[in-house]
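Asks: Structure in structure tokens, see below.
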Amino acid sequence: MAKQKFNIIKSTCIPVAIDNCNTDLIIPARYLASTTRDPKFFGDAFMHDLRFDADGKPIADFVMNKPEFSEAPREGVHEIIVGGQNWGSGSSREHAAWAIAGYGVRVVISSSFADIHRNNLLNCFVLPVIVTPAFQQELFDTIAKNPQAIVTVDVPNQTVTNETTGHSEKFEINGYKKHCLVNALDDIDYLLSVQDKTIAYEQARAVK
Amino acid sequence: MGKTLFEKIWDAHVVQVVPDGPTQLYIDRLYAHEVTSPQAFDTLRDKGIKVFRPEQVVAMPDHNTPSDQQEVINDPIGRKQVETLAKNCAEFGIKHFAMGTKDNGIIHVVGPEKALSLPGMTIVCGDSHTSTHGAVGALAMGIGTSEVAEVLASQCILQGKPKSMRINIEGELQKGVTAKDIALYIMAQMTTSGATGYVVEYAGSTIRNLSMEGRLTLSNLSIEMGSRAGIIAPDETTFEYLKGREYAPKGADWDKAVAYWKTLKTDDDAVFDKEVTYKAEDIKPRITYGTNPGAGIAIDETVPTLDGLSDAEKVQLTAQLDYMQFKPGQKLEDTPVDYCFLGACTNGRIEDFRAFASIVKGKKKSPNVVAWLVPGSWLVRKQIIDEGIDKILEEAGFELRLPSCSSCLAMNPDKVPAGKLSISTSNRNFVGRQGPGARTVLASPLVVAASAITGVITDPRKFM
Ligand code: SF4
């Protein structure tokens, strides 16, 4: 996935108020058959079976097809998804994160994430932001009243703000990962750079 | 203060703690399958690097392999994934158990049965049900494809240290109750996110008395309540199971290994972040009614009603029941089923086939159901035939198929058609999991066997 630097994201949101939204919903199994990482392919597959019926026609009452939320993400527009609790449960398929990233989303806000999916999002340069259930509910309420409502995610300061109500929360991210996101660095390069430590570990263990 | 089993294994694999960051954890064993690995190998190619420790990696196709014949995969996309895995293994020098060979099967069945998964190891795979291998006393975690690439390149992953939880099950299991029912019971208590962020150790007398196959089933389902891993302390049952298997240590190495494995248990004074205890006698044969594995009831209970639920909960439950075509308060026993599936990394082991056969022996399959009986590996299939179980199945009108993930997920030809009701020993009843529009009820091999005979959801205790 495209490595993007993170700073301050100010955007309208897509509210996907599905609790336990599992990775089979985020991307159905048949899309797992790809052997590449084409962002367009995976972006088109994002939430596919909720967005489209068996004939490929958009399902009008699904939130992503409503006129106010159907526009594809671009700077300041729909770069944030507000999801239900336990977002991304189920399969470890990173394809789910590729789908979210491929669609153009940069931040997913929820009160809780499944562990593997949360790691996958970070590895695909999509930021998972954990907020309190009350903050999450207020976001859903705000967006329901005004689909144009703006939310700000400030990565350096680790804050998320509902600009309509002015309410703000701090979110957790460790210093290492923040450094990676702000500078668009990934874990594999880091692990390669510390290979001497790995070899030292192997040697110490072999002696035991 | 003492350490938990999980902490002992974790601590033994810490390469370093990254300043203000995660732990760099050393990985003993990486498993790879055809679905979540191709892009990882591409990453290595893009970066021009080799696999760091190829001898610690084992790969096999399982998701796309057909269960009726394995000469050829007709679906060109599935075929390409399986071929790509073979090609990548050859290019990067990785052990590969090819489709249709005696070594092949579902990774989570093959790993333990070949003793490639051993106590004390750290094990990862680009697959959430990697939690299965925790049953041998290993720390086994599912990872994403980026992390698969990291392990290929460095034999390490970066992880925050999970919290620890112990789930104790005490007492004797009732007639007709299996490890699958324990798991479905725990999940209904814990919900599908109740263990998110935790490594769960299963303990207590009930667990001690479980066979290795039962422990693998239980650990397999750990991920369905969100846990990072499930783990069971190795004991005589574990050693007995592993001894003499293909990749188990031999001779003096075996004795040395067992001496170490015996230290792999939670110290008496260790403290867990969370601890719960359940009674085995409270557990009955179980089924699910909804579209997550936590939405389950005892087989003789009725589907929950909307009474007392919040508005949000009402919406959720109604959506699940609409999809399943069930009604609040409905009894599910005696509901006609269309498909029966015995298999998957949950219940595709020899003990599961023995259990299924014990119910169907001397009876006949209902003409109204399609039954897929799919061993989890070629070794399991061989055992089934060696023990004559295939004959019992055949006489009852069942056909034994070839090892595959099969109908567990809709990636190979074993798809349940839209609207049809399937009773399945697999681990997920998600919307569309067994095929677009397919409806799945999760249950144990005993429940599936009883239902396959009657053609309706049936309590196996009637046949015991
Ligand atoms: S049997 Fe099902 S759950 Fe197990 S590895 Fe295969 S697809 Fe995944």
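Residues in the structure tokens are numbered from 1 in each chain, the chains being A, B, ... in the order shown, and ligands are numbered from 1 in the order shown.
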Need the shell around Ile9 in chain A: protein/DNA/RNA residues with any atom at most 7 Å away, counting only C-alpha atoms. Skip same-chain ones fewer than 4 positions apart. Format as a JSON list (two decimals) with N, CA and C atoms, in the first residue's frame?

Replies:
```json
[["chain", "number", "residue", "atom", "x", "y", "z"],
["A", 152, "THR", "N", -11.36, 16.15, 13.10],
["A", 152, "THR", "CA", -9.92, 16.37, 12.93],
["A", 152, "THR", "C", -9.14, 15.31, 13.69],
["A", 153, "VAL", "N", -8.22, 14.68, 13.00],
["A", 153, "VAL", "CA", -7.33, 13.72, 13.65],
["A", 153, "VAL", "C", -5.91, 14.28, 13.56],
["A", 154, "ASP", "N", -5.39, 14.64, 14.71],
["A", 154, "ASP", "CA", -4.07, 15.28, 14.78],
["A", 154, "ASP", "C", -3.09, 14.21, 15.28]]
```

Asks: Counting only C-alpha atoms and all ligand atoms, what are the residues, protein, DNA or RNA alike, that approach ligand 1 to within 9 Å? I want them as a PDB file with N, CA, C and O atoms, in the first residue's frame.

Replies:
```pdb
ATOM      1  N   SER A  91     -11.356 -12.964  10.366  1.00  0.00           N
ATOM      2  CA  SER A  91     -10.177 -13.436   9.634  1.00  0.00           C
ATOM      3  C   SER A  91      -9.010 -12.450   9.719  1.00  0.00           C
ATOM      4  O   SER A  91      -9.203 -11.248   9.877  1.00  0.00           O
TER       5      SER A  91
ATOM      6  N   HIS B  33       0.225 -20.187   3.718  1.00  0.00           N
ATOM      7  CA  HIS B  33      -0.680 -20.806   2.736  1.00  0.00           C
ATOM      8  C   HIS B  33      -0.836 -19.906   1.524  1.00  0.00           C
ATOM      9  O   HIS B  33      -0.287 -18.802   1.486  1.00  0.00           O
ATOM     10  N   ASP B  62      -4.205 -24.936   1.088  1.00  0.00           N
ATOM     11  CA  ASP B  62      -5.347 -25.609   1.716  1.00  0.00           C
ATOM     12  C   ASP B  62      -6.687 -24.952   1.378  1.00  0.00           C
ATOM     13  O   ASP B  62      -7.689 -25.634   1.174  1.00  0.00           O
ATOM     14  N   HIS B  63      -6.709 -23.626   1.246  1.00  0.00           N
ATOM     15  CA  HIS B  63      -7.996 -22.944   1.054  1.00  0.00           C
ATOM     16  C   HIS B  63      -8.643 -23.239  -0.295  1.00  0.00           C
ATOM     17  O   HIS B  63      -9.854 -23.354  -0.398  1.00  0.00           O
ATOM     18  N   ILE B 106      -4.835 -29.081   5.843  1.00  0.00           N
ATOM     19  CA  ILE B 106      -5.020 -27.748   6.416  1.00  0.00           C
ATOM     20  C   ILE B 106      -3.858 -27.501   7.380  1.00  0.00           C
ATOM     21  O   ILE B 106      -3.548 -28.358   8.224  1.00  0.00           O
ATOM     22  N   ILE B 107      -3.219 -26.365   7.263  1.00  0.00           N
ATOM     23  CA  ILE B 107      -2.026 -26.065   8.060  1.00  0.00           C
ATOM     24  C   ILE B 107      -2.229 -26.370   9.533  1.00  0.00           C
ATOM     25  O   ILE B 107      -1.367 -26.958  10.180  1.00  0.00           O
ATOM     26  N   HIS B 108      -3.394 -25.963  10.052  1.00  0.00           N
ATOM     27  CA  HIS B 108      -3.611 -26.088  11.501  1.00  0.00           C
ATOM     28  C   HIS B 108      -3.911 -27.526  11.921  1.00  0.00           C
ATOM     29  O   HIS B 108      -4.013 -27.820  13.101  1.00  0.00           O
ATOM     30  N   VAL B 109      -4.094 -28.392  10.962  1.00  0.00           N
ATOM     31  CA  VAL B 109      -4.194 -29.819  11.273  1.00  0.00           C
ATOM     32  C   VAL B 109      -2.813 -30.455  11.093  1.00  0.00           C
ATOM     33  O   VAL B 109      -2.357 -31.236  11.922  1.00  0.00           O
ATOM     34  N   ASP B 127      -3.002 -16.271   9.113  1.00  0.00           N
ATOM     35  CA  ASP B 127      -4.290 -16.931   9.232  1.00  0.00           C
ATOM     36  C   ASP B 127      -4.744 -16.842  10.690  1.00  0.00           C
ATOM     37  O   ASP B 127      -3.988 -17.197  11.595  1.00  0.00           O
ATOM     38  N   SER B 128      -5.957 -16.380  10.897  1.00  0.00           N
ATOM     39  CA  SER B 128      -6.381 -16.111  12.276  1.00  0.00           C
ATOM     40  C   SER B 128      -6.458 -17.387  13.116  1.00  0.00           C
ATOM     41  O   SER B 128      -6.273 -17.340  14.323  1.00  0.00           O
ATOM     42  N   HIS B 129      -6.719 -18.533  12.499  1.00  0.00           N
ATOM     43  CA  HIS B 129      -6.856 -19.763  13.284  1.00  0.00           C
ATOM     44  C   HIS B 129      -5.528 -20.413  13.649  1.00  0.00           C
ATOM     45  O   HIS B 129      -5.487 -21.557  14.113  1.00  0.00           O
ATOM     46  N   THR B 130      -4.454 -19.663  13.476  1.00  0.00           N
ATOM     47  CA  THR B 130      -3.147 -20.089  13.977  1.00  0.00           C
ATOM     48  C   THR B 130      -3.223 -20.339  15.487  1.00  0.00           C
ATOM     49  O   THR B 130      -2.426 -21.093  16.035  1.00  0.00           O
ATOM     50  N   ASN B 220      -8.396 -23.575  18.670  1.00  0.00           N
ATOM     51  CA  ASN B 220      -8.750 -23.068  17.339  1.00  0.00           C
ATOM     52  C   ASN B 220      -9.741 -21.926  17.444  1.00  0.00           C
ATOM     53  O   ASN B 220      -9.647 -20.914  16.741  1.00  0.00           O
ATOM     54  N   GLY B 343     -15.619 -31.155   9.127  1.00  0.00           N
ATOM     55  CA  GLY B 343     -14.264 -30.861   8.672  1.00  0.00           C
ATOM     56  C   GLY B 343     -13.777 -29.541   9.211  1.00  0.00           C
ATOM     57  O   GLY B 343     -14.201 -29.107  10.279  1.00  0.00           O
ATOM     58  N   ALA B 344     -12.849 -28.915   8.497  1.00  0.00           N
ATOM     59  CA  ALA B 344     -12.199 -27.641   8.833  1.00  0.00           C
ATOM     60  C   ALA B 344     -11.118 -27.843   9.893  1.00  0.00           C
ATOM     61  O   ALA B 344     -11.008 -28.914  10.497  1.00  0.00           O
ATOM     62  N   CYS B 345     -10.343 -26.796  10.129  1.00  0.00           N
ATOM     63  CA  CYS B 345      -9.270 -26.895  11.117  1.00  0.00           C
ATOM     64  C   CYS B 345      -9.842 -26.989  12.526  1.00  0.00           C
ATOM     65  O   CYS B 345      -9.129 -27.257  13.474  1.00  0.00           O
ATOM     66  N   THR B 346     -11.155 -26.780  12.655  1.00  0.00           N
ATOM     67  CA  THR B 346     -11.820 -26.908  13.941  1.00  0.00           C
ATOM     68  C   THR B 346     -12.075 -28.376  14.282  1.00  0.00           C
ATOM     69  O   THR B 346     -11.750 -28.832  15.377  1.00  0.00           O
ATOM     70  N   ASN B 347     -12.675 -29.093  13.350  1.00  0.00           N
ATOM     71  CA  ASN B 347     -13.143 -30.458  13.625  1.00  0.00           C
ATOM     72  C   ASN B 347     -12.844 -31.405  12.464  1.00  0.00           C
ATOM     73  O   ASN B 347     -13.693 -32.226  12.097  1.00  0.00           O
ATOM     74  N   GLY B 348     -11.657 -31.313  11.901  1.00  0.00           N
ATOM     75  CA  GLY B 348     -11.303 -32.201  10.789  1.00  0.00           C
ATOM     76  C   GLY B 348     -10.294 -33.263  11.185  1.00  0.00           C
ATOM     77  O   GLY B 348      -9.538 -33.754  10.349  1.00  0.00           O
ATOM     78  N   GLY B 376      -9.125 -33.235   7.607  1.00  0.00           N
ATOM     79  CA  GLY B 376      -8.275 -32.051   7.649  1.00  0.00           C
ATOM     80  C   GLY B 376      -6.906 -32.251   7.026  1.00  0.00           C
ATOM     81  O   GLY B 376      -6.192 -31.276   6.766  1.00  0.00           O
ATOM     82  N   SER B 404      -9.028 -30.642   2.595  1.00  0.00           N
ATOM     83  CA  SER B 404      -9.183 -29.272   2.099  1.00  0.00           C
ATOM     84  C   SER B 404      -9.875 -28.455   3.174  1.00  0.00           C
ATOM     85  O   SER B 404     -10.498 -29.010   4.069  1.00  0.00           O
ATOM     86  N   CYS B 405      -9.784 -27.126   3.066  1.00  0.00           N
ATOM     87  CA  CYS B 405     -10.615 -26.266   3.912  1.00  0.00           C
ATOM     88  C   CYS B 405     -12.084 -26.429   3.522  1.00  0.00           C
ATOM     89  O   CYS B 405     -12.979 -26.141   4.307  1.00  0.00           O
ATOM     90  N   SER B 406     -12.284 -26.834   2.284  1.00  0.00           N
ATOM     91  CA  SER B 406     -13.615 -27.188   1.791  1.00  0.00           C
ATOM     92  C   SER B 406     -14.646 -26.110   2.097  1.00  0.00           C
ATOM     93  O   SER B 406     -14.412 -24.924   1.874  1.00  0.00           O
ATOM     94  N   SER B 407     -15.749 -26.528   2.641  1.00  0.00           N
ATOM     95  CA  SER B 407     -16.901 -25.654   2.805  1.00  0.00           C
ATOM     96  C   SER B 407     -16.783 -24.678   3.967  1.00  0.00           C
ATOM     97  O   SER B 407     -17.725 -23.950   4.275  1.00  0.00           O
ATOM     98  N   CYS B 408     -15.625 -24.634   4.613  1.00  0.00           N
ATOM     99  CA  CYS B 408     -15.449 -23.678   5.715  1.00  0.00           C
ATOM    100  C   CYS B 408     -15.537 -22.247   5.221  1.00  0.00           C
ATOM    101  O   CYS B 408     -16.013 -21.371   5.915  1.00  0.00           O
ATOM    102  N   LEU B 409     -15.035 -22.019   4.006  1.00  0.00           N
ATOM    103  CA  LEU B 409     -15.162 -20.677   3.443  1.00  0.00           C
ATOM    104  C   LEU B 409     -15.336 -20.807   1.945  1.00  0.00           C
ATOM    105  O   LEU B 409     -14.914 -21.789   1.347  1.00  0.00           O
ATOM    106  N   ALA B 410     -15.964 -19.813   1.364  1.00  0.00           N
ATOM    107  CA  ALA B 410     -16.391 -19.932  -0.024  1.00  0.00           C
ATOM    108  C   ALA B 410     -15.269 -19.613  -1.008  1.00  0.00           C
ATOM    109  O   ALA B 410     -15.375 -18.726  -1.828  1.00  0.00           O
ATOM    110  N   MET B 411     -14.168 -20.352  -0.936  1.00  0.00           N
ATOM    111  CA  MET B 411     -13.068 -20.107  -1.883  1.00  0.00           C
ATOM    112  C   MET B 411     -12.829 -21.250  -2.844  1.00  0.00           C
ATOM    113  O   MET B 411     -12.030 -21.143  -3.750  1.00  0.00           O
ATOM    114  N   SER B 426     -17.418 -26.177  11.247  1.00  0.00           N
ATOM    115  CA  SER B 426     -16.387 -25.155  11.060  1.00  0.00           C
ATOM    116  C   SER B 426     -16.491 -24.110  12.178  1.00  0.00           C
ATOM    117  O   SER B 426     -17.208 -24.310  13.152  1.00  0.00           O
ATOM    118  N   ASN B 427     -15.796 -22.994  12.029  1.00  0.00           N
ATOM    119  CA  ASN B 427     -15.694 -22.067  13.144  1.00  0.00           C
ATOM    120  C   ASN B 427     -16.373 -20.720  12.910  1.00  0.00           C
ATOM    121  O   ASN B 427     -16.398 -19.891  13.808  1.00  0.00           O
ATOM    122  N   ARG B 428     -16.884 -20.479  11.706  1.00  0.00           N
ATOM    123  CA  ARG B 428     -17.487 -19.161  11.461  1.00  0.00           C
ATOM    124  C   ARG B 428     -18.834 -19.292  10.767  1.00  0.00           C
ATOM    125  O   ARG B 428     -18.953 -19.992   9.764  1.00  0.00           O
TER     126      ARG B 428
END
```

Asks: Rank B:Pro403, B:Gly244, B:Pro249, B:Gly388 by their smallest atom-to-atom distance to Lys361 in chain B, using only C-alpha atoms, and report the top residue only.

Replies: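 Of the candidates, the smallest distance to Lys361 in chain B is held by B:Gly388.
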
Asks: For chain B, which residue out of A:Gln137, A:Ser34, A:Ser70, A:Asn157 is the nearest one, using only C-alpha atoms?

Replies: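 Once distances to chain B are computed over only C-alpha atoms, the minimum belongs to A:Ser34.
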
Asks: Taking only C-alpha atoms into account, name the residue in A:Asn123, A:Asn65, A:Ser193, A:Gln203 that is nearest to chain B.

Replies: A:Asn123

Asks: Would you please extract all strand (DSSP E) residues from range 163-394 of chain B, as assigned by DSSP on the backbone, and give them as a PyMOL selection string?

Replies: chain B and resi 163-170+198-203+229-231+274-279+286-288+296-298+339-342+370-373

Asks: Give me, as number ranges by chain, the residues of chain A touching chain B, with the criterion being at most 7 Å (counting only C-alpha atoms).

Replies: A: 29-30, 32-33, 35-37, 86, 89-94, 114-116, 120, 123, 174-177, 188, 191-192, 195, 197-198, 201

Asks: My list of candidates is B:Cys89, B:Ala98, B:Val380, B:Ala183. Which is closest to Ile287 in chain B when distances are computed with only C-alpha atoms?

Replies: B:Ala183

Asks: Given only C-alpha atoms as the basis, pick out the residue of B:Lys365, B:Lys161, B:Lys314, B:Lys279 nearest to Gly204 in chain B.

Replies: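 Nearest to Gly204 in chain B: B:Lys279.
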
Asks: Applying 8 Å and only C-alpha atoms, which residues near His133 in chain B remain after dropping the ones on its own chain fewer than 2 positions away? List them as a PDB file with N, CA, C and O atoms, in the first residue's frame.

Replies:
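Written output follows (part-v2.pdb):
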```pdb
ATOM      1  N   HIS B 108      -3.394 -25.963  10.052  1.00  0.00           N
ATOM      2  CA  HIS B 108      -3.611 -26.088  11.501  1.00  0.00           C
ATOM      3  C   HIS B 108      -3.911 -27.526  11.921  1.00  0.00           C
ATOM      4  O   HIS B 108      -4.013 -27.820  13.101  1.00  0.00           O
ATOM      5  N   GLY B 111       0.313 -29.063  11.057  1.00  0.00           N
ATOM      6  CA  GLY B 111       1.399 -28.592  11.928  1.00  0.00           C
ATOM      7  C   GLY B 111       1.545 -29.434  13.191  1.00  0.00           C
ATOM      8  O   GLY B 111       2.601 -30.009  13.441  1.00  0.00           O
ATOM      9  N   PRO B 112       0.469 -29.548  13.995  1.00  0.00           N
ATOM     10  CA  PRO B 112       0.562 -30.376  15.202  1.00  0.00           C
ATOM     11  C   PRO B 112       0.760 -31.859  14.899  1.00  0.00           C
ATOM     12  O   PRO B 112       1.527 -32.532  15.576  1.00  0.00           O
ATOM     13  N   SER B 117       4.759 -28.175  15.113  1.00  0.00           N
ATOM     14  CA  SER B 117       4.397 -27.239  16.187  1.00  0.00           C
ATOM     15  C   SER B 117       4.713 -27.923  17.503  1.00  0.00           C
ATOM     16  O   SER B 117       4.160 -28.988  17.777  1.00  0.00           O
ATOM     17  N   ILE B 123       4.880 -19.367  17.097  1.00  0.00           N
ATOM     18  CA  ILE B 123       4.409 -19.817  15.783  1.00  0.00           C
ATOM     19  C   ILE B 123       3.510 -18.728  15.209  1.00  0.00           C
ATOM     20  O   ILE B 123       2.631 -18.219  15.905  1.00  0.00           O
ATOM     21  N   THR B 130      -4.454 -19.663  13.476  1.00  0.00           N
ATOM     22  CA  THR B 130      -3.147 -20.089  13.977  1.00  0.00           C
ATOM     23  C   THR B 130      -3.223 -20.339  15.487  1.00  0.00           C
ATOM     24  O   THR B 130      -2.426 -21.093  16.035  1.00  0.00           O
ATOM     25  N   SER B 131      -4.201 -19.726  16.131  1.00  0.00           N
ATOM     26  CA  SER B 131      -4.418 -19.955  17.557  1.00  0.00           C
ATOM     27  C   SER B 131      -4.511 -21.453  17.887  1.00  0.00           C
ATOM     28  O   SER B 131      -4.200 -21.858  19.002  1.00  0.00           O
ATOM     29  N   ALA B 135      -2.597 -25.194  21.468  1.00  0.00           N
ATOM     30  CA  ALA B 135      -3.003 -26.383  22.224  1.00  0.00           C
ATOM     31  C   ALA B 135      -1.817 -27.264  22.603  1.00  0.00           C
ATOM     32  O   ALA B 135      -1.904 -28.036  23.542  1.00  0.00           O
ATOM     33  N   VAL B 136      -0.705 -27.176  21.861  1.00  0.00           N
ATOM     34  CA  VAL B 136       0.462 -27.983  22.223  1.00  0.00           C
ATOM     35  C   VAL B 136       1.347 -27.248  23.232  1.00  0.00           C
ATOM     36  O   VAL B 136       2.394 -27.753  23.621  1.00  0.00           O
ATOM     37  N   GLY B 137       0.934 -26.047  23.650  1.00  0.00           N
ATOM     38  CA  GLY B 137       1.748 -25.291  24.593  1.00  0.00           C
ATOM     39  C   GLY B 137       2.696 -24.337  23.891  1.00  0.00           C
ATOM     40  O   GLY B 137       3.777 -24.034  24.398  1.00  0.00           O
ATOM     41  N   ALA B 138       2.285 -23.857  22.732  1.00  0.00           N
ATOM     42  CA  ALA B 138       3.077 -22.878  21.982  1.00  0.00           C
ATOM     43  C   ALA B 138       2.354 -21.534  22.014  1.00  0.00           C
ATOM     44  O   ALA B 138       1.149 -21.485  22.258  1.00  0.00           O
ATOM     45  N   LEU B 139       3.096 -20.453  21.775  1.00  0.00           N
ATOM     46  CA  LEU B 139       2.466 -19.148  21.591  1.00  0.00           C
ATOM     47  C   LEU B 139       2.250 -18.972  20.094  1.00  0.00           C
ATOM     48  O   LEU B 139       3.209 -18.763  19.347  1.00  0.00           O
ATOM     49  N   ALA B 140       1.015 -19.122  19.655  1.00  0.00           N
ATOM     50  CA  ALA B 140       0.713 -19.169  18.219  1.00  0.00           C
ATOM     51  C   ALA B 140      -0.283 -18.073  17.861  1.00  0.00           C
ATOM     52  O   ALA B 140      -1.370 -18.015  18.425  1.00  0.00           O
ATOM     53  N   LEU B 216      -7.019 -28.986  20.565  1.00  0.00           N
ATOM     54  CA  LEU B 216      -6.785 -28.250  19.312  1.00  0.00           C
ATOM     55  C   LEU B 216      -8.083 -27.569  18.864  1.00  0.00           C
ATOM     56  O   LEU B 216      -8.065 -26.422  18.401  1.00  0.00           O
ATOM     57  N   SER B 219      -8.635 -24.516  21.238  1.00  0.00           N
ATOM     58  CA  SER B 219      -7.686 -23.438  20.976  1.00  0.00           C
ATOM     59  C   SER B 219      -7.958 -22.779  19.627  1.00  0.00           C
ATOM     60  O   SER B 219      -7.795 -21.573  19.462  1.00  0.00           O
ATOM     61  N   ASN B 220      -8.396 -23.575  18.670  1.00  0.00           N
ATOM     62  CA  ASN B 220      -8.750 -23.068  17.339  1.00  0.00           C
ATOM     63  C   ASN B 220      -9.741 -21.926  17.444  1.00  0.00           C
ATOM     64  O   ASN B 220      -9.647 -20.914  16.741  1.00  0.00           O
TER      65      ASN B 220
END
```

Asks: Compile the contact shell of Val16 in chain A as a ChimeraX atom specification: residues with an atom at most 8 Å away, counting only C-alpha atoms, same-chain residues fewer than 6 positions apart removed.

Replies: /A:63,81-84

Asks: From a backbone DSSP assignment, name each residue in range 18-170 of chain A labelled alpha helix (DSSP H), as a PyMOL selection string.

Replies: chain A and resi 23-26+39-45+48-51+95-103+115-123+133-145

Asks: When distances are computed from only C-alpha atoms, which of A:Phe125, A:Phe69, A:Tyr103, A:Phe140 shows the smallest separation from Ile27 in chain A?

Replies: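 Looking only at the distances to Ile27 in chain A, the closest residue turns out to be A:Tyr103.
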
Asks: At what distance in Å, to one decimal, does CA of Ala149 in chain A lie from CA of Cys124 in chain A?

Replies: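 Spanning CA of Cys124 in chain A to CA of Ala149 in chain A is a straight-line distance of 26.0 Å.
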
Asks: What's the 12 Å shell around Thr206 in chain B, counting only C-alpha atoms, without same-chain residues fewer than 3 positions away, as a list in words?

Replies: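 Those residues are Ile167, Asn168, Ile169, Glu170, Gly171, Glu172, Leu173, Gln174, Val177, Thr178, Ala179, Ile182, Tyr202, Ala203, Asn209, Leu210, Ser211, Gly214, Arg215, Leu218, Ile232, Thr277, Tyr278, Lys279, Ala280, Glu281 and Ile283 of chain B.
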
Asks: Can you tell me, as a PyMOL selection string, what residues are no more than 10 Å from Leu306 in chain B when counting only C-alpha atoms, ignoring any on the same chain fewer than 3 positions away?

Replies: chain B and resi 303+309-311+313-315+317-318+328-329

Asks: For the residues in the current selection, export C-alpha atoms as a PDB file, in the first residue's frame.

Replies:
```pdb
ATOM      1  CA  VAL B 303     -33.524 -18.297  20.129  1.00  0.00           C
ATOM      2  CA  LEU B 309     -32.550  -5.323  24.656  1.00  0.00           C
ATOM      3  CA  SER B 310     -31.415  -1.778  23.854  1.00  0.00           C
ATOM      4  CA  ASP B 311     -32.490  -0.337  20.503  1.00  0.00           C
ATOM      5  CA  GLU B 313     -29.075  -4.560  20.249  1.00  0.00           C
ATOM      6  CA  LYS B 314     -32.547  -5.085  18.800  1.00  0.00           C
ATOM      7  CA  VAL B 315     -31.364  -3.902  15.400  1.00  0.00           C
ATOM      8  CA  LEU B 317     -30.294  -9.308  16.632  1.00  0.00           C
ATOM      9  CA  THR B 318     -33.078  -8.663  14.119  1.00  0.00           C
ATOM     10  CA  PRO B 328     -37.034 -14.581  18.135  1.00  0.00           C
ATOM     11  CA  GLY B 329     -38.035 -17.220  20.668  1.00  0.00           C
TER      12      GLY B 329
END
```

Asks: Quick one: distance from CA of Asp187 in chain A to CA of Trp10 in chain B in Å, one decimal?

Replies: 19.8 Å

Asks: Tell me, as a count of residues only, which residues lie within 10 Å of range 264-276 of chain B, counting only C-alpha atoms; anything in the same chain fewer than 4 positions away does not count.

Replies: 33

Asks: Provide the CA of Gly230 in chain B to CA of Leu116 in chain B distance in Å, to one decimal place.

Replies: 17.7 Å
